[in-house]
$ cat protein17.txt   # compact mmCIF, C-alpha atoms
# COMPACT_ATOMS: atom_id res chain seq x y z
CA MET A 1 125.09 -10.79 -21.44
CA VAL A 2 122.81 -13.49 -20.00
CA ASN A 3 119.23 -13.18 -21.15
CA GLU A 4 116.07 -13.95 -19.16
CA THR A 5 115.49 -17.28 -20.93
CA THR A 6 119.00 -18.49 -20.07
CA THR A 7 118.50 -17.47 -16.45
CA ARG A 8 115.15 -19.31 -16.23
CA THR A 9 116.65 -22.41 -17.84
CA SER A 10 119.61 -22.33 -15.48
CA ASP A 11 117.26 -21.92 -12.51
CA LEU A 12 115.18 -24.90 -13.65
CA VAL A 13 118.24 -27.10 -14.15
CA HIS A 14 119.52 -26.09 -10.69
CA CYS A 15 116.12 -26.87 -9.13
CA VAL A 16 116.01 -30.30 -10.78
CA GLU A 17 119.54 -31.09 -9.58
CA GLU A 18 118.60 -30.01 -6.06
CA PHE A 19 115.45 -32.15 -6.23
CA ARG A 20 117.51 -35.17 -7.31
CA ARG A 21 119.89 -34.63 -4.37
CA VAL A 22 117.07 -34.37 -1.82
CA ASP A 23 115.21 -37.32 -3.34
CA ALA A 24 118.34 -39.48 -3.11
CA GLN A 25 118.72 -38.52 0.57
CA PHE A 26 115.05 -39.35 1.20
CA SER A 27 115.50 -42.74 -0.48
CA ARG A 28 118.51 -43.47 1.74
CA ARG A 29 116.52 -42.49 4.85
CA LEU A 30 113.66 -44.77 3.80
CA ALA A 31 116.10 -47.62 3.18
CA ALA A 32 117.65 -47.07 6.61
CA MET A 33 114.18 -47.31 8.14
CA ARG A 34 113.57 -50.46 6.08
CA ALA A 35 110.85 -48.55 4.31
CA PRO A 36 109.73 -49.30 0.75
CA ASN A 37 112.24 -49.11 -2.08
CA ASP A 38 111.37 -47.46 -5.40
CA THR A 39 109.73 -50.60 -6.79
CA ASP A 40 107.68 -51.02 -3.63
CA ARG A 41 106.56 -47.38 -3.78
CA VAL A 42 105.43 -47.73 -7.40
CA ALA A 43 103.67 -50.98 -6.49
CA MET A 44 101.91 -49.34 -3.55
CA ARG A 45 100.76 -46.44 -5.72
CA PHE A 46 99.35 -48.92 -8.28
CA ILE A 47 97.57 -50.90 -5.56
CA ALA A 48 96.20 -47.78 -3.86
CA ASP A 49 94.99 -46.27 -7.14
CA ALA A 50 93.20 -49.40 -8.35
CA PRO A 51 89.46 -48.79 -8.70
CA ALA A 52 87.16 -50.74 -6.39
CA ASP A 53 85.49 -52.48 -9.35
CA GLU A 54 88.87 -53.55 -10.77
CA PRO A 55 91.18 -54.20 -7.80
CA ALA A 56 94.91 -54.73 -8.16
CA THR A 57 96.09 -58.30 -8.71
CA PRO A 58 99.58 -59.78 -8.76
CA ARG A 59 99.32 -60.23 -12.56
CA GLY A 60 98.19 -56.61 -13.07
CA LEU A 61 101.01 -55.42 -10.83
CA ALA A 62 103.56 -57.50 -12.76
CA ASP A 63 102.31 -56.00 -16.03
CA HIS A 64 102.43 -52.47 -14.57
CA LEU A 65 106.01 -52.90 -13.35
CA SER A 66 107.07 -54.86 -16.46
CA VAL A 67 108.45 -57.70 -14.38
CA SER A 68 107.77 -61.43 -14.13
CA THR A 69 105.13 -62.86 -11.84
CA ALA A 70 108.00 -64.54 -9.94
CA ALA A 71 109.49 -61.11 -9.20
CA ILE A 72 106.08 -59.88 -8.07
CA THR A 73 105.94 -62.64 -5.50
CA SER A 74 108.90 -61.03 -3.71
CA VAL A 75 107.40 -57.54 -3.93
CA VAL A 76 104.03 -58.71 -2.60
CA ARG A 77 105.73 -60.67 0.21
CA ARG A 78 107.74 -57.59 1.29
CA LEU A 79 104.67 -55.36 1.25
CA GLN A 80 102.65 -57.89 3.21
CA GLU A 81 105.42 -58.54 5.76
CA ARG A 82 105.67 -54.79 6.41
CA GLY A 83 101.91 -54.64 6.89
CA GLN A 84 101.42 -52.36 3.90
CA ILE A 85 98.98 -54.53 1.98
CA GLU A 86 96.29 -57.06 2.59
CA ILE A 87 95.80 -60.02 0.28
CA ALA A 88 92.34 -61.47 -0.26
CA PRO A 89 90.83 -64.06 -2.59
CA HIS A 90 89.70 -62.63 -5.92
CA PRO A 91 85.89 -62.43 -5.96
CA THR A 92 85.49 -63.92 -9.45
CA ASP A 93 88.77 -65.74 -10.20
CA ALA A 94 89.63 -68.47 -7.70
CA ARG A 95 93.18 -68.68 -9.08
CA SER A 96 93.96 -65.03 -8.36
CA LYS A 97 94.29 -62.72 -5.38
CA VAL A 98 93.30 -59.11 -4.75
CA LEU A 99 95.86 -56.68 -3.35
CA ARG A 100 94.67 -53.79 -1.19
CA PRO A 101 96.53 -51.24 0.93
CA SER A 102 96.26 -51.90 4.65
CA ARG A 103 94.87 -49.24 6.93
CA ARG A 104 98.16 -49.11 8.81
CA ASP A 105 100.06 -48.03 5.69
CA ALA A 106 98.17 -44.74 5.58
CA HIS A 107 100.70 -43.41 8.11
CA SER A 108 103.91 -44.33 6.29
CA PRO A 109 106.48 -41.64 5.42
CA VAL A 110 105.82 -42.25 1.74
CA ASP A 111 102.11 -41.55 2.14
CA GLU A 112 102.93 -38.50 4.25
CA LEU A 113 105.02 -37.22 1.34
CA THR A 114 102.12 -37.87 -1.05
CA ARG A 115 99.78 -35.89 1.20
CA ARG A 116 102.25 -33.01 1.30
CA LEU A 117 102.68 -33.09 -2.48
CA GLU A 118 98.92 -32.93 -2.95
CA THR A 119 98.76 -29.87 -0.68
CA ILE A 120 101.52 -28.16 -2.68
CA ALA A 121 99.82 -29.05 -5.97
CA ASP A 122 96.64 -27.33 -4.76
CA GLU A 123 98.58 -24.04 -4.67
CA PHE A 124 98.80 -23.95 -8.49
CA THR A 125 96.25 -22.92 -11.09
CA PRO A 126 95.23 -25.53 -13.69
CA GLU A 127 97.41 -23.75 -16.28
CA GLN A 128 100.42 -23.73 -13.98
CA THR A 129 99.82 -27.37 -13.11
CA GLU A 130 99.81 -28.30 -16.79
CA THR A 131 103.08 -26.46 -17.37
CA VAL A 132 104.78 -28.12 -14.39
CA ALA A 133 103.36 -31.52 -15.37
CA ARG A 134 104.62 -31.10 -18.94
CA PHE A 135 108.10 -30.20 -17.64
CA LEU A 136 108.15 -33.22 -15.31
CA ARG A 137 106.89 -35.57 -18.06
CA ARG A 138 109.69 -34.36 -20.34
CA ILE A 139 112.28 -34.95 -17.61
CA THR A 140 110.85 -38.41 -17.07
CA GLU A 141 111.03 -39.17 -20.80
CA GLU A 142 114.64 -38.01 -21.00
CA ILE A 143 115.71 -40.05 -17.98
CA ASP A 144 113.83 -43.07 -19.30
CA ASP A 145 115.62 -42.77 -22.67
CA LEU A 146 119.10 -42.78 -21.14
CA PRO A 147 121.03 -46.05 -21.42
$ encode --input "protein17.txt" --output "structure tokens"
Amino acid sequence: MVNETTTRTSDLVHCVEEFRRVDAQFSRRLAAMRAPNDTDRVAMRFIADAPADEPATPRGLADHLSVSTAAITSVVRRLQERGQIEIAPHPTDARSKVLRPSRRDAHSPVDELTRRLETIADEFTPEQTETVARFLRRITEEIDDLP
């Protein structure tokens, strides 16, 4: 006889598998639209989340993504060519640049998804949010640990 815990676990595993399927389809649609790839999306989130008093820089982005500054040059070029970021001189370091999201990027499909996710997240209590976040962090850790 299947117990309630087994049923809940099976439901969670099924939901995660379904999420992975839908996410892969979304990634393919974005690629077909020449929209940002996974690296570009992570880069955009880093740039958008940078505080005003400590704006994103190419070096900070390279550190965040754990890639070389040479690799960041390509990422920054793609984001700029698509009109997703603006590059400005750094206010205190003449050798560096500041990366900021462009106003146009606020209407990208990726940002639309973020807005929708925020709306869904608002449906949960703080306790429920912590439980879901813990589950997602554990999934992330497991995926990250795979070879």
$ closest_residue --input "protein17.txt" --among "A:Thr69, A:Thr6, A:Gln128, A:Ser74" --to "Thr57 (chain A)" --atoms "all atoms listed in the file"
A:Thr69
$ residues_around --input "protein17.txt" --residues "region 132-146 of chain A" --least-positions-apart "3" --cutoff "10 Å" --atoms "only C-alpha atoms" --output "list in words"
Leu12, Val16, Ala121, Phe124, Pro126, Glu127, Gln128 and Thr129 of chain A
$ residues_around --input "protein17.txt" --residues "Pro91 (chain A)" --least-positions-apart "2" --cutoff "12 Å" --atoms "all atoms listed in the file" --output "number ranges by chain"
A: 52-55, 57, 87-89, 93-99
$ write_last_selection --input "protein17.txt" --atoms "C-alpha atoms" --output "mmCIF file, in the coordinates of the input"
data_model
loop_
_atom_site.group_PDB
_atom_site.id
_atom_site.type_symbol
_atom_site.label_atom_id
_atom_site.label_comp_id
_atom_site.auth_asym_id
_atom_site.auth_seq_id
_atom_site.Cartn_x
_atom_site.Cartn_y
_atom_site.Cartn_z
ATOM 1 C CA ALA A 52 87.160 -50.740 -6.390
ATOM 2 C CA ASP A 53 85.490 -52.480 -9.350
ATOM 3 C CA GLU A 54 88.870 -53.550 -10.770
ATOM 4 C CA PRO A 55 91.180 -54.200 -7.800
ATOM 5 C CA THR A 57 96.090 -58.300 -8.710
ATOM 6 C CA ILE A 87 95.800 -60.020 0.280
ATOM 7 C CA ALA A 88 92.340 -61.470 -0.260
ATOM 8 C CA PRO A 89 90.830 -64.060 -2.590
ATOM 9 C CA ASP A 93 88.770 -65.740 -10.200
ATOM 10 C CA ALA A 94 89.630 -68.470 -7.700
ATOM 11 C CA ARG A 95 93.180 -68.680 -9.080
ATOM 12 C CA SER A 96 93.960 -65.030 -8.360
ATOM 13 C CA LYS A 97 94.290 -62.720 -5.380
ATOM 14 C CA VAL A 98 93.300 -59.110 -4.750
ATOM 15 C CA LEU A 99 95.860 -56.680 -3.350
#
$ atom_distance --input "protein17.txt" --atom1 "CA of Ala71 (chain A)" --atom2 "CA of Pro58 (chain A)"
10.0 Å
$ atom_distance --input "protein17.txt" --atom1 "CA of Asp49 (chain A)" --atom2 "CA of Ala62 (chain A)"
15.2 Å
$ closest_residue --input "protein17.txt" --among "A:His90, A:Arg41, A:Arg100, A:Arg8" --to "Val75 (chain A)" --atoms "only C-alpha atoms"
A:Arg41
$ atom_distance --input "protein17.txt" --atom1 "CA of Asp23 (chain A)" --atom2 "CA of Leu113 (chain A)"
11.2 Å
$ residues_around --input "protein17.txt" --residues "Gln84 (chain A)" --least-positions-apart "4" --cutoff "6 Å" --atoms "all atoms listed in the file" --output "PDB file with C-alpha atoms, in the frame of the given file"
ATOM      1  CA  LEU A  79     104.670 -55.360   1.250  1.00  0.00           C
ATOM      2  CA  GLN A  80     102.650 -57.890   3.210  1.00  0.00           C
ATOM      3  CA  PRO A 101      96.530 -51.240   0.930  1.00  0.00           C
ATOM      4  CA  SER A 102      96.260 -51.900   4.650  1.00  0.00           C
ATOM      5  CA  ASP A 105     100.060 -48.030   5.690  1.00  0.00           C
TER       6      ASP A 105
END
$ residues_around --input "protein17.txt" --residues "Ala43 (chain A)" --least-positions-apart "2" --cutoff "8 Å" --atoms "all atoms listed in the file" --output "ChimeraX atom specification"
/A:39-41,45-47,61,65,75
